[in-house]
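Below is one structure, written out as C-alpha cells; comments come after it.
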Amino acid sequence: MNRVELKGELIKRFDANHLNAAYHGPWTVWCMLNGHPLDESSNNSQLLERFVDETILVMGIKMQAFRNAQKLQASHKICTLAEILTGEYFRSLALSNFFDEDAYCWILNKEIFPTIEAYVYECDGGNIDDCYESVFEYAVRQELVNHNSIKNSDSMEILQRSIKDTDFVLINECDSLSKTRNIITIILDQYSTASTDSLKFLLARIATVTDDSLSQVLLKAIYFDLIFNLGELGKEWYLAPVYRKSTGIGPNPSNLSKIITGILKQGSILSMDPFYLDWMLYRMEQYINGGILRLRDGSDQHTAEAICTSYQDYLNAAKPRTPVPDRIEGSNSDGLVEILRRLITFVSPSVGLVIIQNLKPFLTGQVVMMDQWDKHI
C-alpha cells in the first residue's frame with residue numbers, strides 16, 4: 001500500500017464513519033483551530049482531503065524521528081507503533097512536547113489502526129518518508145504550508161548582524177518555515193563549542209510561533225534534529241519551543257467554539273514557565289481519561305468535582321522525583337483546575353481530551369507571548 005492508496009482508504013473510512021465521535025471530534029477541532037469553516041456551505045471534501053494528507057505527513061515525521069532516535073544505543077527501546085504516534089515514546093526520552101497526541105492521532109481508533117499498522121510494517125523504510133526533507137517538500141508542493149525561503153546570503157547576513165549573543169528571539173513562522181533553522185545556526189555559531197549548556201541556552205533564548213497544525217509539527221522536527229545531532233537525546237528534559245498563535249477560532253455550528261474560546265481566556269491568566277505548564281496540561285489529560293471512565297453514563301457533578309479536587313491536590317503537592325518538583329498554587333492552580341472542570345462538564349470528557357491535546361501549544365503560547373523579547377523576527 002502506497003501513500004495514495006492509504007489516503008484513499010482513510011477518506012473512505014472517514015466518510016463511512018463521519019458521525020462517529022472518534023472521527024468527528026479530532027476533525028472538528030482541527031478545522032476550528034486552523035481557521036477552517038465547518039458548515040453546510042463549506043467544501044468539506046477538500047478540507048477532509050487536506051486533513052488526511054496532513055495526517056499521513058505527520059505520521060511520516062514521527063516515524064522518521066523514531067528511526068533517528070533508535071540509532072542511539074540509549075534510545076533503543078522496545079515500543080509499540082501507538083506509543084510512537086501518541087508521543088509517549090518521545091516522552092520516555094525526556095522530550096516533553098515534541099510529538100504529543102493531537103488531532104492527527106484519529107488514526108489510532110480501533111477500526112483504522114490495523115490499516116495503519118499494515119502500511120507502516122509492510123513498507124517500513126519504503127513508503128514512510130525516508131527523511132524530513134521529503135515530508136517538507138511534499139507539504140510545500142501541495143501548498144499545505146506557507147513557505148517563503150530566506151536562505152539567500154543577504155538575508156542570512158542581515159540576521160547575523162541583527163542577533164546579538166545575549167538576545168532573546170521570538171520567531172514568527174506564520175509566513176515561512178525557514179527562519180527557525182537559520183536562526184538556530186546563527187546562535188549556535190555564537191558559542192565556542194556545541195554542548196549541553198549551549199543547547200540549553202539556545203532553547204531558552206528562542207521561541208517559534210506558527211499558526212497552523214502541520215507547520216507546528218514540522219518545526220518541532222527541526223528542534224528534534226538539533227537535539228539529536230548534538231548527541232543530547234535522552235540526557236536531559238527538553239521542551240520544543242514551538243507554540244501556536246491564536247488567529248481566531250474557525251466558525252462551527254456547535255457550541256465548541258465558545259468552549260474553546262473560554263478555555264483560552266481562562267488560560268490567559270496563567271503565569272508559568274512553559275515547561276511546567278506543558279507538564280501540568282499533560283498530567284491533566286490523565287485526569288480527563290479518568291473522567292472518561294467515571295463519567296461514561298453522563299454528567300455527574302459530584303464525580304466531576306472529585307476529579308477536579310484530585311487534580312488540584314496533585315498541583316499543590318511537591319513532586320520531588322519529577323522534572324517539575326515545585327508546587328503549583330494560587331491563581332495558576334485555580335486556573336488549571338477551572339480548565340479541567342470545563343473539559344469534563346461543558347463537553348463529554350472524550351471530547352474534552354481532544355480539545356486539551358490540541359490546545360496545549362496555544363495555552364503555552366499565550367504565556368510565551370507575554371514574555372519580553374529582544375528581537376521579533
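Lettering and numbering for the C-alpha cells are positional, with chains as A, B, ... in the shown order, residues counted from 1 in each chain, and ligands counted from 1 in the shown order.
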Write out as a PDB file with N, CA and C atoms, in the first residue's frame the residues lying within 7 Å of segment 23-28 of chain A, counting only C-alpha atoms and excluding same-chain residues fewer than 2 positions away.
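Contents of selection-v2.pdb, as written:
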```
ATOM      1  N   PHE A  14     -13.363   7.446   6.692  1.00  0.00           N
ATOM      2  CA  PHE A  14     -13.901   8.637   7.358  1.00  0.00           C
ATOM      3  C   PHE A  14     -15.321   8.919   6.870  1.00  0.00           C
ATOM      4  N   ASN A  17     -17.825   6.786   8.491  1.00  0.00           N
ATOM      5  CA  ASN A  17     -17.952   6.879   9.953  1.00  0.00           C
ATOM      6  C   ASN A  17     -17.951   8.325  10.442  1.00  0.00           C
ATOM      7  N   HIS A  18     -18.358   9.265   9.575  1.00  0.00           N
ATOM      8  CA  HIS A  18     -18.178  10.676   9.904  1.00  0.00           C
ATOM      9  C   HIS A  18     -18.977  11.128  11.126  1.00  0.00           C
ATOM     10  N   LEU A  19     -20.007  10.365  11.516  1.00  0.00           N
ATOM     11  CA  LEU A  19     -20.789  10.728  12.700  1.00  0.00           C
ATOM     12  C   LEU A  19     -20.208  10.127  13.979  1.00  0.00           C
ATOM     13  N   ASN A  20     -19.240   9.235  13.825  1.00  0.00           N
ATOM     14  CA  ASN A  20     -18.588   8.605  14.969  1.00  0.00           C
ATOM     15  C   ASN A  20     -17.681   9.635  15.642  1.00  0.00           C
ATOM     16  N   ALA A  21     -17.797   9.785  16.955  1.00  0.00           N
ATOM     17  CA  ALA A  21     -17.031  10.803  17.681  1.00  0.00           C
ATOM     18  C   ALA A  21     -15.530  10.607  17.534  1.00  0.00           C
ATOM     19  N   TRP A  30      -9.624  20.163  14.652  1.00  0.00           N
ATOM     20  CA  TRP A  30      -8.583  20.565  13.677  1.00  0.00           C
ATOM     21  C   TRP A  30      -9.100  21.692  12.788  1.00  0.00           C
ATOM     22  N   CYS A  31     -10.321  21.563  12.283  1.00  0.00           N
ATOM     23  CA  CYS A  31     -10.891  22.614  11.428  1.00  0.00           C
ATOM     24  C   CYS A  31     -10.963  23.942  12.176  1.00  0.00           C
ATOM     25  N   MET A  32     -11.460  23.909  13.389  1.00  0.00           N
ATOM     26  CA  MET A  32     -11.651  25.133  14.162  1.00  0.00           C
ATOM     27  C   MET A  32     -10.325  25.812  14.481  1.00  0.00           C
ATOM     28  N   ALA A 103      -4.801  16.080  16.978  1.00  0.00           N
ATOM     29  CA  ALA A 103      -5.923  15.718  16.101  1.00  0.00           C
ATOM     30  C   ALA A 103      -5.518  14.678  15.060  1.00  0.00           C
ATOM     31  N   TRP A 106      -6.250  10.640  15.191  1.00  0.00           N
ATOM     32  CA  TRP A 106      -7.546   9.986  14.967  1.00  0.00           C
ATOM     33  C   TRP A 106      -7.366   8.604  14.337  1.00  0.00           C
ATOM     34  N   VAL A 351     -14.452  14.278  24.375  1.00  0.00           N
ATOM     35  CA  VAL A 351     -14.262  15.472  23.546  1.00  0.00           C
ATOM     36  C   VAL A 351     -13.296  16.431  24.236  1.00  0.00           C
ATOM     37  N   VAL A 354      -9.682  15.546  23.476  1.00  0.00           N
ATOM     38  CA  VAL A 354      -9.239  16.000  22.151  1.00  0.00           C
ATOM     39  C   VAL A 354      -8.944  17.499  22.180  1.00  0.00           C
TER      40      VAL A 354
END
```
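Across the model, the gap from atom CA of Asp102 of chain A to atom CA of Asn358 of chain A is 5.4 Å.
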Practice prompt. Fewer than 6 positions away in the same chain doesn't count, so skip those; otherwise give me all residues within 10 Å of Leu277 of chain A, counting only C-alpha atoms, as a ChimeraX atom specification.
Written response: /A:270-271,283,324,328,332,336,360,363-364,367
Worksheet item: Between A:Thr55, A:Gln160, A:Gln301, A:Thr210, which has the minimum distance to Glu101 of chain A (counting only C-alpha atoms)?
Response: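 Result for the nearest residue to Glu101 of chain A: A:Thr55.
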Worksheet item: So how far away is atom CA of Gly231 of chain A from atom CA of Ser215 of chain A, in Å?
Response: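 Rounded to one decimal, the two atoms are 24.8 Å apart.
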Practice prompt. Go through A:Gln70, A:Ile355, A:Gly87, A:Val120 and flag the residue nearest Ile260 of chain A, using only C-alpha atoms for the distances.
Written response: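 Checking each of A:Gln70, A:Ile355, A:Gly87, A:Val120 against Ile260 of chain A, counting only C-alpha atoms, the winner is A:Ile355.
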Worksheet item: Between A:Thr261, A:Ala204, A:Arg321, A:Ile184, which has the minimum distance to Leu226 of chain A (counting only C-alpha atoms)?
Response: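 Among the listed residues, A:Ile184 lies closest to Leu226 of chain A.
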Worksheet item: So which one's closest to Met59 of chain A, A:Arg3, A:His36, A:Lys375, A:Arg141? Using only C-alpha atoms, please.
Response: A:Arg3
Discussion item. Neighbouring residues of Ser96 of chain A were defined as those with any atom within 9 Å, considering only C-alpha atoms; residues of the same chain fewer than 4 positions away were excluded. Please report them as a VMD selection string.
Written reply: chain A and resid 87 90 to 92 100 237 to 240 275 278 to 279 282
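Residues in contact with Asp374 of chain A at 12 Å, where only C-alpha atoms are counted and same-chain residues fewer than 4 positions away are skipped, are listed as A:Ser162, A:Ile163, A:Lys164, A:Asp165, A:Thr166, A:Asp167, A:Phe168, A:Val169, A:Leu170, A:Ile171, A:Arg205, A:Ile206, A:Ala207.
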Kindly export the residues of the current selection with N, CA and C atoms, as a compact mmCIF listing (two decimals), in the first residue's frame.
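Saved to again_2.txt:
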```
# COMPACT_ATOMS: atom_id res chain seq x y z
N SER A 162 21.97 41.24 13.08
CA SER A 162 20.91 41.78 13.94
C SER A 162 20.77 41.03 15.27
N ILE A 163 21.27 39.79 15.35
CA ILE A 163 21.09 39.00 16.56
C ILE A 163 22.36 39.04 17.40
N LYS A 164 22.27 39.66 18.56
CA LYS A 164 23.41 39.71 19.48
C LYS A 164 23.46 38.42 20.30
N ASP A 165 24.62 38.18 20.91
CA ASP A 165 24.77 36.91 21.63
C ASP A 165 24.03 36.88 22.97
N THR A 166 23.35 37.96 23.31
CA THR A 166 22.53 37.97 24.53
C THR A 166 21.04 38.14 24.22
N ASP A 167 20.69 38.22 22.95
CA ASP A 167 19.31 38.48 22.56
C ASP A 167 18.40 37.28 22.80
N PHE A 168 17.19 37.58 23.24
CA PHE A 168 16.12 36.59 23.29
C PHE A 168 15.23 36.86 22.07
N VAL A 169 15.03 35.81 21.25
CA VAL A 169 14.45 35.99 19.92
C VAL A 169 13.12 35.24 19.79
N LEU A 170 12.09 35.97 19.40
CA LEU A 170 10.79 35.36 19.10
C LEU A 170 10.65 35.28 17.58
N ILE A 171 10.50 34.07 17.07
CA ILE A 171 10.49 33.84 15.62
C ILE A 171 9.06 33.63 15.15
N ARG A 205 16.69 30.91 24.74
CA ARG A 205 16.75 32.23 24.09
C ARG A 205 15.81 32.39 22.92
N ILE A 206 15.25 31.30 22.41
CA ILE A 206 14.40 31.43 21.23
C ILE A 206 13.06 30.74 21.44
N ALA A 207 12.08 31.22 20.72
CA ALA A 207 10.77 30.58 20.68
C ALA A 207 10.21 30.78 19.27
```
Practice prompt. List the neighbours of Asn229 of chain A out to 12 Å using only C-alpha atoms; skip same-chain residues closer than 3 positions along the sequence, and give me the result as a PyMOL selection string.
Written response: chain A and resi 65+68-69+71-72+194-196+199+221-226+232-233
Item to complete: Identify which of the residues A:Pro274, A:Gly291, A:Gly267, A:Pro114 lies closest to Ile339 of chain A, counting only C-alpha atoms when measuring atom-to-atom distances.
Response: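 Ranking A:Pro274, A:Gly291, A:Gly267, A:Pro114 by distance to Ile339 of chain A, first place goes to A:Gly267.
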Discussion item. From the options A:Leu6, A:Met63, A:Cys174, A:Ile84, which residue's atoms come nearest to Glu49 of chain A, counting only C-alpha atoms?
Written reply: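 Of the candidates, the smallest distance to Glu49 of chain A is held by A:Leu6.
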